[in-house]
>>> print(open('final_7.txt').read())   # compact mmCIF, C-alpha atoms
# COMPACT_ATOMS: atom_id res chain seq x y z
CA MET P 1424 -47.66 32.99 -132.96
CA ARG P 1425 -45.87 35.49 -130.82
CA SER P 1426 -42.10 35.33 -130.65
CA ASP P 1427 -39.84 36.40 -127.80
CA THR P 1428 -39.58 39.87 -129.27
CA GLY P 1429 -43.33 40.32 -129.44
CA VAL P 1430 -43.33 39.91 -133.22
CA LEU P 1431 -46.33 38.33 -134.86
CA ALA P 1432 -44.86 35.95 -137.39
CA ALA P 1433 -45.71 32.73 -139.15
CA THR P 1434 -43.34 29.85 -138.50
CA PRO P 1435 -43.13 26.93 -140.97
CA GLY P 1436 -44.38 23.64 -139.59
CA ILE P 1437 -46.14 25.03 -136.54
CA THR P 1438 -48.88 22.92 -134.97
CA GLU P 1439 -52.60 23.48 -135.22
CA ALA P 1440 -52.59 24.66 -131.61
CA ALA P 1441 -49.97 27.26 -132.52
CA HIS P 1442 -52.09 28.36 -135.49
CA ALA P 1443 -55.05 28.81 -133.12
CA ALA P 1444 -52.88 30.85 -130.75
CA GLN P 1445 -51.74 33.01 -133.67
CA ARG P 1446 -55.34 33.67 -134.71
CA THR P 1447 -56.27 34.54 -131.14
CA THR P 1448 -53.37 36.99 -130.94
CA ARG P 1449 -54.46 38.69 -134.16
CA TRP P 1450 -58.07 39.07 -133.04
CA GLY P 1451 -56.88 40.35 -129.68
CA ALA P 1452 -54.69 42.93 -131.41
CA LEU P 1453 -57.66 44.02 -133.53
CA ALA P 1454 -59.72 44.42 -130.36
CA VAL P 1455 -57.02 46.67 -128.86
CA LEU P 1456 -56.94 48.85 -131.98
CA CYS P 1457 -60.74 49.08 -132.01
CA VAL P 1458 -60.86 50.16 -128.36
CA VAL P 1459 -58.18 52.85 -128.65
CA SER P 1460 -59.45 54.26 -131.96
CA SER P 1461 -63.09 54.17 -130.84
CA LEU P 1462 -62.31 56.10 -127.67
CA VAL P 1463 -60.42 58.78 -129.59
CA THR P 1464 -62.84 59.00 -132.52
CA GLY P 1465 -66.16 58.44 -130.77
CA GLY P 1466 -65.26 60.02 -127.44
CA LEU P 1467 -63.47 63.09 -128.81
CA ILE P 1468 -63.46 63.80 -132.55
CA ALA P 1469 -67.16 63.00 -133.00
CA THR P 1470 -68.17 64.96 -129.90
CA LEU P 1471 -66.32 68.23 -130.41
CA SER P 1472 -69.46 69.81 -131.87
CA LEU P 1473 -71.15 69.16 -128.50
CA TYR P 1474 -68.52 71.20 -126.68
CA ALA P 1475 -68.67 74.23 -128.99
CA PRO P 1476 -71.99 75.81 -127.91
CA VAL P 1477 -71.23 75.20 -124.23
CA ILE P 1478 -67.76 76.72 -124.46
CA GLU P 1479 -69.13 79.69 -126.37
CA GLN P 1480 -71.76 80.29 -123.72
CA VAL P 1481 -69.60 79.69 -120.63
CA GLU P 1482 -66.27 81.14 -121.74
CA HIS P 1483 -67.68 83.81 -124.09
CA TRP P 1484 -65.27 82.77 -126.83
CA GLY P 1485 -66.72 83.56 -130.24
CA THR P 1486 -67.35 81.28 -133.18
CA VAL P 1487 -64.15 82.51 -134.86
CA THR P 1488 -62.07 81.29 -131.92
CA LEU P 1489 -63.78 77.92 -131.97
CA GLY P 1490 -63.48 77.71 -135.75
CA ILE P 1491 -59.73 78.31 -135.60
CA ALA P 1492 -59.45 75.60 -132.93
CA GLY P 1493 -61.27 73.13 -135.17
CA THR P 1494 -59.11 74.05 -138.13
CA LEU P 1495 -55.92 73.56 -136.10
CA LEU P 1496 -57.15 70.16 -135.00
CA LEU P 1497 -57.83 69.08 -138.59
CA LEU P 1498 -54.51 70.43 -139.86
CA CYS P 1499 -52.52 68.66 -137.14
CA LEU P 1500 -54.58 65.50 -137.64
CA SER P 1501 -53.60 65.50 -141.31
CA LEU P 1502 -49.96 66.62 -141.13
CA ALA P 1503 -48.91 64.68 -138.03
CA GLY P 1504 -50.10 61.53 -139.72
CA ILE P 1505 -47.14 61.71 -142.12
CA GLY P 1506 -44.73 61.59 -139.21
CA ALA P 1507 -46.67 58.72 -137.66
CA GLY P 1508 -46.46 56.77 -140.92
CA TYR P 1509 -42.67 57.07 -141.04
CA ALA P 1510 -42.40 56.32 -137.31
CA LEU P 1511 -44.20 52.99 -137.82
CA GLU P 1512 -41.30 51.87 -140.02
CA ARG P 1513 -38.68 52.69 -137.41
CA ILE P 1514 -40.08 51.98 -133.94
CA ARG P 1515 -42.56 49.59 -132.39
CA ALA P 1516 -46.17 50.12 -133.38
CA ARG P 1517 -47.33 50.05 -129.77
CA LEU P 1518 -45.00 52.97 -129.01
CA VAL P 1519 -46.42 55.03 -131.88
CA ILE P 1520 -50.02 54.39 -130.83
CA GLY P 1521 -49.20 54.89 -127.15
CA ALA P 1522 -47.52 58.21 -127.87
CA GLY P 1523 -50.55 59.27 -129.89
CA ALA P 1524 -52.94 58.37 -127.08
CA LEU P 1525 -50.84 60.27 -124.53
CA PHE P 1526 -50.71 63.30 -126.84
CA VAL P 1527 -54.51 63.19 -127.05
CA ALA P 1528 -54.76 62.97 -123.25
CA ALA P 1529 -52.31 65.87 -122.84
CA GLY P 1530 -54.30 67.91 -125.34
CA CYS P 1531 -57.51 67.25 -123.41
CA TRP P 1532 -55.87 68.36 -120.18
CA LEU P 1533 -54.40 71.49 -121.77
CA THR P 1534 -57.70 72.45 -123.41
CA ALA P 1535 -59.70 71.82 -120.23
CA SER P 1536 -57.23 73.90 -118.21
CA ALA P 1537 -57.14 76.79 -120.67
CA HIS P 1538 -58.26 80.23 -119.57
CA TYR P 1539 -56.57 81.95 -122.50
CA VAL P 1540 -57.26 81.43 -126.18
CA PRO P 1541 -53.67 80.49 -127.27
CA MET P 1542 -53.59 77.71 -124.67
CA PHE P 1543 -57.01 76.53 -125.88
CA TRP P 1544 -55.75 76.39 -129.47
CA ALA P 1545 -52.59 74.54 -128.42
CA GLY P 1546 -54.71 71.91 -126.70
CA PHE P 1547 -56.78 71.31 -129.82
CA ALA P 1548 -53.60 71.05 -131.90
CA LEU P 1549 -52.24 68.39 -129.52
CA ILE P 1550 -55.48 66.41 -129.74
CA GLY P 1551 -55.28 66.43 -133.53
CA ALA P 1552 -51.61 65.42 -133.61
CA GLY P 1553 -52.18 62.59 -131.16
CA ALA P 1554 -55.30 61.33 -132.91
CA ALA P 1555 -53.31 60.92 -136.14
CA ALA P 1556 -50.95 58.41 -134.52
CA ALA P 1557 -53.53 56.70 -132.32
CA THR P 1558 -56.14 55.91 -134.97
CA THR P 1559 -56.28 55.14 -138.70
CA VAL P 1560 -52.75 56.10 -139.80
CA ALA P 1561 -51.29 53.42 -137.54
CA SER P 1562 -54.19 50.97 -137.40
CA ILE P 1563 -54.74 50.41 -141.15
CA PRO P 1564 -51.15 49.21 -141.86
CA LEU P 1565 -51.21 47.06 -138.73
CA ILE P 1566 -54.51 45.37 -139.62
CA THR P 1567 -53.40 44.70 -143.20
CA ASN P 1568 -50.34 42.95 -141.76
CA TYR P 1569 -52.20 41.01 -139.07
CA PHE P 1570 -54.94 39.80 -141.45
CA HIS P 1571 -53.15 39.38 -144.73
CA HIS P 1572 -55.76 37.23 -146.47
CA LYS P 1573 -58.68 38.56 -144.42
CA ARG P 1574 -57.61 42.18 -144.17
CA GLY P 1575 -60.90 43.40 -145.65
CA LEU P 1576 -62.83 41.72 -142.87
CA GLY P 1577 -60.41 43.06 -140.27
CA LEU P 1578 -60.67 46.61 -141.61
CA GLY P 1579 -64.45 46.27 -141.86
CA ILE P 1580 -64.73 45.33 -138.19
CA TYR P 1581 -62.37 48.16 -137.25
CA PHE P 1582 -64.35 50.83 -139.09
CA ALA P 1583 -67.65 49.37 -137.88
CA ALA P 1584 -66.41 49.69 -134.30
CA MET P 1585 -65.48 53.33 -134.85
CA ALA P 1586 -68.83 54.04 -136.52
CA GLY P 1587 -70.67 52.49 -133.59
CA ALA P 1588 -68.62 54.53 -131.13
CA ALA P 1589 -69.25 57.72 -133.10
CA ALA P 1590 -72.98 57.01 -132.91
CA GLY P 1591 -73.17 56.02 -129.24
CA LEU P 1592 -70.49 57.86 -127.27
CA PRO P 1593 -71.70 61.40 -128.11
CA LEU P 1594 -74.91 60.64 -126.20
CA LEU P 1595 -72.88 59.75 -123.11
CA VAL P 1596 -70.58 62.77 -123.50
CA SER P 1597 -73.58 65.08 -123.88
CA ASP P 1598 -74.99 63.88 -120.56
CA MET P 1599 -71.60 64.27 -118.89
CA ILE P 1600 -71.24 67.85 -120.14
CA ALA P 1601 -74.72 68.69 -118.83
CA GLN P 1602 -73.96 67.18 -115.42
CA TRP P 1603 -70.30 68.04 -114.80
CA GLY P 1604 -69.42 70.78 -117.27
CA TRP P 1605 -67.17 70.76 -120.32
CA ARG P 1606 -63.83 70.97 -118.50
CA ILE P 1607 -64.29 67.94 -116.24
CA THR P 1608 -65.82 65.95 -119.09
CA LEU P 1609 -62.88 66.68 -121.36
CA GLN P 1610 -60.35 65.83 -118.64
CA GLY P 1611 -62.19 62.58 -117.90
CA THR P 1612 -62.25 61.63 -121.57
CA GLY P 1613 -58.53 62.28 -121.84
CA ALA P 1614 -57.89 60.14 -118.77
CA VAL P 1615 -59.83 57.23 -120.29
CA VAL P 1616 -57.84 57.53 -123.54
CA ALA P 1617 -54.59 57.52 -121.56
CA ALA P 1618 -55.78 54.51 -119.55
CA SER P 1619 -56.32 52.57 -122.79
CA CYS P 1620 -52.52 52.42 -123.13
CA VAL P 1621 -52.53 49.53 -120.65
CA LEU P 1622 -53.85 47.39 -123.52
CA LEU P 1623 -50.92 48.12 -125.81
CA PRO P 1624 -48.62 45.33 -124.50
CA PHE P 1625 -51.12 42.97 -126.15
CA LEU P 1626 -50.37 44.61 -129.51
CA PRO P 1627 -47.67 42.51 -131.24
CA GLN P 1628 -45.37 43.90 -133.88
CA PRO P 1629 -46.26 42.44 -137.32
CA ALA P 1630 -43.45 40.46 -138.89
CA ALA P 1631 -43.26 42.70 -141.96
CA MET P 1632 -42.81 45.82 -139.84
CA ALA P 1633 -40.33 44.06 -137.58
CA ILE P 1634 -38.11 43.24 -140.55
CA GLU P 1635 -38.16 46.86 -141.65
CA ALA P 1636 -37.62 48.26 -138.17
CA GLU P 1637 -34.93 45.87 -136.96
CA ASN P 1638 -33.04 44.72 -140.05
CA GLY P 1639 -33.76 47.37 -142.65
CA GLY P 1640 -34.93 44.46 -144.82
CA ASP P 1641 -36.07 44.64 -148.40
CA GLU P 1642 -39.67 43.49 -148.20
CA ALA P 1643 -41.20 43.50 -151.67
CA GLY P 1644 -42.66 46.80 -152.73
CA LEU P 1645 -42.00 50.29 -153.93
CA THR P 1646 -39.99 52.95 -152.17
CA VAL P 1647 -41.69 56.26 -151.41
CA ARG P 1648 -39.96 57.88 -154.40
CA GLN P 1649 -41.00 55.06 -156.74
CA ALA P 1650 -44.58 55.21 -155.50
CA PHE P 1651 -44.86 58.93 -156.24
CA HIS P 1652 -43.58 58.31 -159.77
CA ALA P 1653 -46.28 55.70 -160.42
CA GLY P 1654 -49.37 56.96 -162.23
CA ASP P 1655 -51.56 54.25 -160.72
CA VAL P 1656 -50.74 55.44 -157.21
CA TRP P 1657 -51.70 59.01 -158.09
CA ALA P 1658 -54.93 57.78 -159.69
CA LEU P 1659 -55.86 55.85 -156.55
CA MET P 1660 -54.98 58.74 -154.24
CA GLY P 1661 -57.05 61.07 -156.42
CA ALA P 1662 -59.99 58.65 -156.27
CA ILE P 1663 -59.83 58.43 -152.47
CA VAL P 1664 -59.58 62.21 -152.08
CA LEU P 1665 -62.45 63.00 -154.48
CA ALA P 1666 -64.73 60.42 -152.87
CA GLN P 1667 -63.94 61.70 -149.39
CA LEU P 1668 -64.61 65.29 -150.46
CA SER P 1669 -68.01 64.17 -151.75
CA ILE P 1670 -68.81 62.34 -148.51
CA GLN P 1671 -67.71 65.24 -146.31
CA ALA P 1672 -69.86 67.71 -148.24
CA VAL P 1673 -72.93 65.50 -147.82
CA LEU P 1674 -72.19 64.98 -144.12
CA PHE P 1675 -72.14 68.73 -143.50
CA THR P 1676 -75.29 69.59 -145.44
CA VAL P 1677 -77.81 66.76 -145.68
CA VAL P 1678 -79.62 67.57 -142.42
CA SER P 1679 -79.89 71.26 -143.32
CA TYR P 1680 -81.09 70.30 -146.81
CA LEU P 1681 -83.88 68.06 -145.52
CA PHE P 1682 -84.88 70.48 -142.76
CA GLY P 1683 -85.01 73.41 -145.17
CA GLY P 1684 -87.17 71.38 -147.57
CA GLY P 1685 -89.95 70.67 -145.11
CA TYR P 1686 -88.80 67.79 -142.93
CA THR P 1687 -88.81 68.34 -139.18
CA MET P 1688 -85.42 68.41 -137.50
CA ALA P 1689 -86.19 65.06 -135.86
CA GLN P 1690 -87.03 63.51 -139.23
CA ALA P 1691 -83.91 64.94 -140.89
CA VAL P 1692 -81.68 63.65 -138.10
CA MET P 1693 -83.38 60.24 -138.27
CA VAL P 1694 -82.67 59.96 -142.02
CA TYR P 1695 -79.04 60.91 -141.42
CA GLY P 1696 -78.75 58.49 -138.51
CA CYS P 1697 -80.27 55.59 -140.47
CA ALA P 1698 -77.82 56.18 -143.32
CA ASN P 1699 -74.92 56.06 -140.87
CA LEU P 1700 -76.26 52.88 -139.23
CA PHE P 1701 -76.14 51.12 -142.59
CA SER P 1702 -72.40 51.75 -142.72
CA VAL P 1703 -71.78 49.48 -139.71
CA PRO P 1704 -72.78 46.09 -141.21
CA ALA P 1705 -71.90 47.27 -144.72
CA GLY P 1706 -68.27 47.82 -143.76
CA ILE P 1707 -67.92 44.22 -142.59
CA ILE P 1708 -69.73 42.83 -145.64
CA THR P 1709 -67.79 44.87 -148.20
CA GLY P 1710 -64.54 44.00 -146.45
CA ALA P 1711 -65.32 40.29 -146.68
CA LEU P 1712 -66.25 40.72 -150.36
CA ALA P 1713 -62.96 42.49 -151.03
CA ASP P 1714 -61.12 39.55 -149.47
CA ARG P 1715 -62.93 37.13 -151.77
CA LEU P 1716 -63.20 39.14 -155.01
CA GLY P 1717 -60.30 41.57 -154.63
CA ALA P 1718 -60.21 45.25 -153.72
CA ALA P 1719 -59.77 46.22 -157.38
CA LYS P 1720 -63.23 44.85 -158.19
CA VAL P 1721 -65.14 45.95 -155.08
CA LEU P 1722 -63.89 49.55 -154.83
CA PRO P 1723 -65.20 50.90 -158.18
CA ILE P 1724 -68.58 49.21 -157.68
CA GLY P 1725 -68.87 50.75 -154.23
CA LEU P 1726 -68.00 54.20 -155.56
CA TRP P 1727 -70.64 53.94 -158.30
CA VAL P 1728 -73.19 53.02 -155.62
CA GLN P 1729 -72.00 56.00 -153.60
CA GLY P 1730 -72.55 58.33 -156.55
CA VAL P 1731 -76.05 57.01 -157.25
CA GLY P 1732 -77.02 57.23 -153.59
CA THR P 1733 -75.74 60.79 -153.35
CA VAL P 1734 -77.67 62.01 -156.40
CA ALA P 1735 -80.83 60.23 -155.18
CA ILE P 1736 -81.27 62.66 -152.27
CA VAL P 1737 -82.12 65.38 -154.81
CA GLY P 1738 -85.44 63.59 -155.41
CA ALA P 1739 -86.41 63.45 -151.74
CA PHE P 1740 -88.98 66.24 -152.21
CA ALA P 1741 -90.57 64.81 -155.35
CA GLY P 1742 -93.62 63.73 -153.39
CA GLY P 1743 -95.44 60.43 -153.26
CA MET P 1744 -93.72 57.12 -153.88
CA THR P 1745 -90.95 58.76 -155.94
CA GLY P 1746 -89.83 60.85 -153.00
CA TRP P 1747 -89.82 57.87 -150.66
CA LEU P 1748 -87.87 55.75 -153.13
CA ALA P 1749 -85.30 58.52 -153.58
CA LEU P 1750 -84.94 58.87 -149.83
CA GLY P 1751 -84.58 55.11 -149.39
CA LEU P 1752 -81.99 54.92 -152.15
CA PHE P 1753 -79.97 57.62 -150.42
CA VAL P 1754 -80.19 55.96 -147.00
CA VAL P 1755 -79.17 52.55 -148.32
CA GLY P 1756 -76.89 53.46 -151.24
CA TRP P 1757 -75.01 56.30 -149.61
CA GLY P 1758 -75.04 54.61 -146.21
CA ILE P 1759 -73.44 51.34 -147.30
CA SER P 1760 -70.75 53.07 -149.37
CA SER P 1761 -69.90 56.19 -147.37
CA SER P 1762 -66.64 54.81 -145.98
CA ILE P 1763 -65.62 52.46 -148.77
CA GLN P 1764 -62.83 54.74 -150.05
CA ILE P 1765 -61.13 54.77 -146.64
CA GLN P 1766 -61.66 51.07 -146.00
CA ILE P 1767 -61.07 49.40 -149.39
CA GLY P 1768 -58.84 52.11 -150.89
CA PRO P 1769 -55.87 51.25 -148.63
CA MET P 1770 -56.29 47.56 -149.52
CA LEU P 1771 -55.88 48.36 -153.20
CA MET P 1772 -52.94 50.65 -152.43
CA ARG P 1773 -51.23 47.82 -150.54
CA ASP P 1774 -51.69 45.63 -153.63
CA LEU P 1775 -50.17 48.32 -155.83
CA ILE P 1776 -47.15 49.35 -153.78
CA GLY P 1777 -46.41 46.35 -151.57
CA GLY P 1778 -45.61 46.50 -147.88
CA ARG P 1779 -42.11 47.97 -147.94
CA HIS P 1780 -43.21 51.54 -147.19
CA PHE P 1781 -46.96 51.10 -147.09
CA ALA P 1782 -47.42 52.96 -143.80
CA ALA P 1783 -45.45 56.02 -144.96
CA ILE P 1784 -47.13 56.23 -148.38
CA LEU P 1785 -50.60 55.70 -146.89
CA SER P 1786 -49.95 58.53 -144.44
CA TYR P 1787 -49.50 60.94 -147.37
CA ALA P 1788 -52.80 59.79 -148.87
CA LEU P 1789 -54.64 60.22 -145.57
CA ALA P 1790 -53.05 63.65 -145.08
CA ALA P 1791 -54.34 64.72 -148.50
CA VAL P 1792 -57.77 63.33 -147.61
CA GLY P 1793 -57.82 65.35 -144.39
CA LEU P 1794 -56.57 68.59 -145.89
CA ILE P 1795 -58.83 68.56 -148.95
CA GLY P 1796 -61.77 67.14 -146.98
CA ALA P 1797 -61.51 70.16 -144.71
CA MET P 1798 -62.54 72.24 -147.74
CA ALA P 1799 -65.95 70.54 -147.84
CA PRO P 1800 -67.74 73.07 -145.59
CA LEU P 1801 -66.39 75.98 -147.63
CA MET P 1802 -67.30 74.31 -150.91
CA SER P 1803 -70.79 73.52 -149.63
CA SER P 1804 -71.51 77.05 -148.46
CA MET P 1805 -70.20 78.59 -151.70
CA VAL P 1806 -72.34 76.31 -153.90
CA GLU P 1807 -75.38 76.97 -151.71
CA GLN P 1808 -74.91 80.74 -151.99
CA TRP P 1809 -74.41 80.63 -155.76
CA THR P 1810 -77.36 78.33 -156.48
CA GLY P 1811 -79.74 79.14 -153.63
CA GLY P 1812 -79.96 75.55 -152.43
CA TYR P 1813 -78.14 72.26 -151.93
CA GLY P 1814 -79.54 70.35 -154.92
CA VAL P 1815 -76.70 71.32 -157.24
CA LEU P 1816 -74.19 70.50 -154.51
CA PHE P 1817 -75.45 66.92 -154.27
CA LEU P 1818 -75.25 66.57 -158.05
CA ILE P 1819 -71.64 67.77 -157.91
CA CYS P 1820 -70.92 65.30 -155.12
CA GLY P 1821 -72.41 62.50 -157.20
CA VAL P 1822 -70.15 63.48 -160.09
CA LEU P 1823 -67.11 63.45 -157.76
CA SER P 1824 -67.94 59.90 -156.66
CA ALA P 1825 -68.41 58.85 -160.29
CA LEU P 1826 -65.04 60.34 -161.22
CA SER P 1827 -63.50 58.41 -158.33
CA ALA P 1828 -64.99 55.19 -159.65
CA MET P 1829 -63.61 55.91 -163.14
CA LEU P 1830 -60.13 56.54 -161.74
CA THR P 1831 -60.10 53.20 -159.92
CA MET P 1832 -61.20 51.40 -163.09
CA VAL P 1833 -58.14 52.53 -165.04
CA ILE P 1834 -55.69 51.30 -162.41
CA ARG P 1835 -53.72 48.29 -163.62
CA ARG P 1836 -53.93 45.48 -161.10
CA ARG P 1837 -50.36 44.84 -160.06
CA VAL P 1838 -49.74 42.89 -156.87
CA LEU P 1839 -46.20 43.55 -155.76
CA ALA P 1840 -46.26 41.82 -152.40
CA CYS P 1841 -48.34 38.99 -151.03
>>> encode(input="final_7.txt", output="structure tokens")
Amino acid sequence: MRSDTGVLAATPGITEAAHAAQRTTRWGALAVLCVVSSLVTGGLIATLSLYAPVIEQVEHWGTVTLGIAGTLLLLCLSLAGIGAGYALERIRARLVIGAGALFVAAGCWLTASAHYVPMFWAGFALIGAGAAAATTVASIPLITNYFHHKRGLGLGIYFAAMAGAAAGLPLLVSDMIAQWGWRITLQGTGAVVAASCVLLPFLPQPAAMAIEAENGGDEAGLTVRQAFHAGDVWALMGAIVLAQLSIQAVLFTVVSYLFGGGYTMAQAVMVYGCANLFSVPAGIITGALADRLGAAKVLPIGLWVQGVGTVAIVGAFAGGMTGWLALGLFVVGWGISSSIQIQIGPMLMRDLIGGRHFAAILSYALAAVGLIGAMAPLMSSMVEQWTGGYGVLFLICGVLSALSAMLTMVIRRRVLAC
């Protein structure tokens, strides 16, 4: 039910009709978060690789210039998320997400208007900073508050929506770039992201965040200082970071690995695309399982599956039925578990630390994921140069996922806030 202050809260003794209205409000809020995050992720972050060759050809800016722009975007995406996490505890969530969306739109305009490299870099930095506030850093704490007992399902739908957008919107953006050029396309994308802010009035403030923001209340849970003195929190953050590093390395190299081993480019891309498609229904299913069985049980199993699926790709060139089985195991195993650390990991963290400063503490974890995940291309290229191929890299990635699973298994289940 929505109160006069726009706070989503449960009121004792409310009628069944009021319960239905409360559920409708929550699902509507989830739809708003899915739309905004999908536009930013699918329309921009997932399509930046489409802009690079066009910009290099039209503007004659070299790969170093474009590489620095991408690095600035990733750095700002990671570091600005910490500020967004703290902001969620102090001001309305819709204001944080709206500011992020407007920063993204301003970054698109600045980049599209740039005729000098520093202005181009500044635009990319703005896009990264805005994306941090407009997407996962803000959305994950909100969804866990909206859907307390069904948060896994809510997060699964959210990540499935972003995965679908990341698969479909690049096709549209590619056609727009070919027809109208990169500048107009980028300006148009920024305008659409800015226009999505009209949906934000339908985003209520969760009761838990309202207490913190308005009354400085003492909702159950650890402070930031207490969380960083807890070994279980460090173990979980380490597990999320290691698993994400493994996933990022595979993302950057699997197509090149298959193409270099004899597959056609179309076949390699199809394998990669099929693996990503599996992540859409899998996110919803694993989220529902986490609601029923608990995040502490689902997360380690998912990470073991991730490790097995990653190692399986090494056998893709074995020939005969063995090669096909290895390829299928990668597509299914890696595909269904590739985002489990980002989806189920925050659920387990919420169980460990409570909701008092969940947004701020999660923002540190996501910043570490972004910063260390950015090392994946460098790690991949170094291993490939040292070993002459990607086989050893995938074995290393499998070990990283296995280590992540082991770390989650030693965490003591300790629910501090329900």
>>> residues_around(input="final_7.txt", residues="Cys1457 of chain P", least_positions_apart="3", cutoff="7 Å", atoms="all atoms listed in the file", output="PDB file with C-alpha atoms, in the frame of the given file")
ATOM      1  CA  LEU P1453     -57.660  44.020-133.530  1.00  0.00           C
ATOM      2  CA  ALA P1454     -59.720  44.420-130.360  1.00  0.00           C
ATOM      3  CA  SER P1460     -59.450  54.260-131.960  1.00  0.00           C
ATOM      4  CA  SER P1461     -63.090  54.170-130.840  1.00  0.00           C
ATOM      5  CA  TYR P1581     -62.370  48.160-137.250  1.00  0.00           C
ATOM      6  CA  ALA P1584     -66.410  49.690-134.300  1.00  0.00           C
ATOM      7  CA  MET P1585     -65.480  53.330-134.850  1.00  0.00           C
TER       8      MET P1585
END
>>> atom_distance(input="final_7.txt", atom1="atom CA of Pro1723 of chain P", atom2="atom CA of Gly1654 of chain P")
17.4 Å
>>> residues_around(input="final_7.txt", residues="segment 1499-1502 of chain P", least_positions_apart="4", cutoff="9 Å", atoms="all atoms listed in the file", output="list in words")
Thr1494, Leu1495, Gly1506, Phe1547, Ala1548, Leu1549, Ile1550, Gly1551, Ala1552, Gly1553, Ala1554, Ala1555, Ala1556, Ser1786, Tyr1787, Leu1789, Ala1790, Ala1791, Val1792, Gly1793 and Leu1794 of chain P
>>> closest_residue(input="final_7.txt", among="P:Gly1587, P:Leu1498, P:Ala1713, P:His1652", to="Lys1573 of chain P", atoms="only C-alpha atoms")
P:Ala1713
>>> atom_distance(input="final_7.txt", atom1="atom CA of Thr1567 of chain P", atom2="atom CA of Ala1797 of chain P")
26.8 Å
>>> residues_around(input="final_7.txt", residues="Ser1760 of chain P", least_positions_apart="5", cutoff="9 Å", atoms="only C-alpha atoms", output="list in words")
Phe1701, Ser1702, Ala1705, Gly1706, Thr1709, Gly1725, Leu1726, Trp1727, Val1728, Gln1729, Gly1732 and Val1755 of chain P
>>> residues_around(input="final_7.txt", residues="segment 1615-1632 of chain P", least_positions_apart="5", cutoff="7 Å", atoms="only C-alpha atoms", output="list in words")
Gly1429, Val1430, Leu1431, Ala1432, Ala1452, Val1455, Val1459, Leu1462, Val1463, Glu1512, Arg1515, Ala1516, Arg1517, Gly1521, Ala1524, Leu1525, Ala1528, Leu1565, Asn1568 and Tyr1569 of chain P
>>> residues_around(input="final_7.txt", residues="Gly1796 of chain P", least_positions_apart="4", cutoff="9 Å", atoms="only C-alpha atoms", output="MDAnalysis selection string")
chainID P and resid 1664:1665 1667:1672 1791:1792 1800
>>> atom_distance(input="final_7.txt", atom1="atom CA of Thr1558 of chain P", atom2="atom CA of Val1519 of chain P")
10.2 Å
>>> closest_residue(input="final_7.txt", among="P:Leu1592, P:Leu1518, P:Cys1531, P:Leu1511", to="Arg1779 of chain P", atoms="only C-alpha atoms")
P:Leu1511
>>> closest_residue(input="final_7.txt", among="P:Ala1783, P:Val1737, P:Val1721, P:Ala1589", to="Gly1696 of chain P", atoms="only C-alpha atoms")
P:Ala1589
>>> residues_near_point(input="final_7.txt", point="(-66.4, 64.4, -118.4)", cutoff="12 Å", atoms="all atoms listed in the file", output="MDAnalysis selection string")
chainID P and resid 1466:1467 1470 1474 1531:1532 1535 1592:1593 1595:1615
>>> closest_residue(input="final_7.txt", among="P:Leu1712, P:Ile1767, P:Ala1662, P:Met1805", to="Leu1578 of chain P", atoms="all atoms listed in the file")
P:Ile1767
>>> decode(input="final_7.txt", residues="segment 1594-1603 of chain P", atoms="N, CA and C atoms", output="CSV table (one decimal), in the first residue's frame")
chain,number,residue,atom,x,y,z
P,1594,LEU,N,20.9,-4.7,-31.9
P,1594,LEU,CA,20.5,-4.8,-33.3
P,1594,LEU,C,19.9,-3.6,-33.8
P,1595,LEU,N,19.0,-3.0,-32.9
P,1595,LEU,CA,18.4,-1.7,-33.3
P,1595,LEU,C,19.3,-0.6,-33.4
P,1596,VAL,N,20.2,-0.5,-32.4
P,1596,VAL,CA,21.2,0.6,-32.4
P,1596,VAL,C,22.2,0.5,-33.6
P,1597,SER,N,22.5,-0.7,-34.0
P,1597,SER,CA,23.4,-0.9,-35.1
P,1597,SER,C,22.7,-0.4,-36.4
P,1598,ASP,N,21.5,-0.7,-36.6
P,1598,ASP,CA,20.7,-0.1,-37.7
P,1598,ASP,C,20.6,1.4,-37.7
P,1599,MET,N,20.4,1.9,-36.5
P,1599,MET,CA,20.4,3.4,-36.4
P,1599,MET,C,21.7,4.1,-36.7
P,1600,ILE,N,22.8,3.5,-36.3
P,1600,ILE,CA,24.1,4.0,-36.6
P,1600,ILE,C,24.3,4.0,-38.1
P,1601,ALA,N,24.0,2.9,-38.7
P,1601,ALA,CA,24.2,2.8,-40.2
P,1601,ALA,C,23.3,3.8,-41.0
P,1602,GLN,N,22.1,4.1,-40.4
P,1602,GLN,CA,21.2,5.0,-41.1
P,1602,GLN,C,21.5,6.5,-40.8
P,1603,TRP,N,21.7,6.8,-39.5
P,1603,TRP,CA,21.8,8.2,-39.1
P,1603,TRP,C,23.1,8.7,-38.6
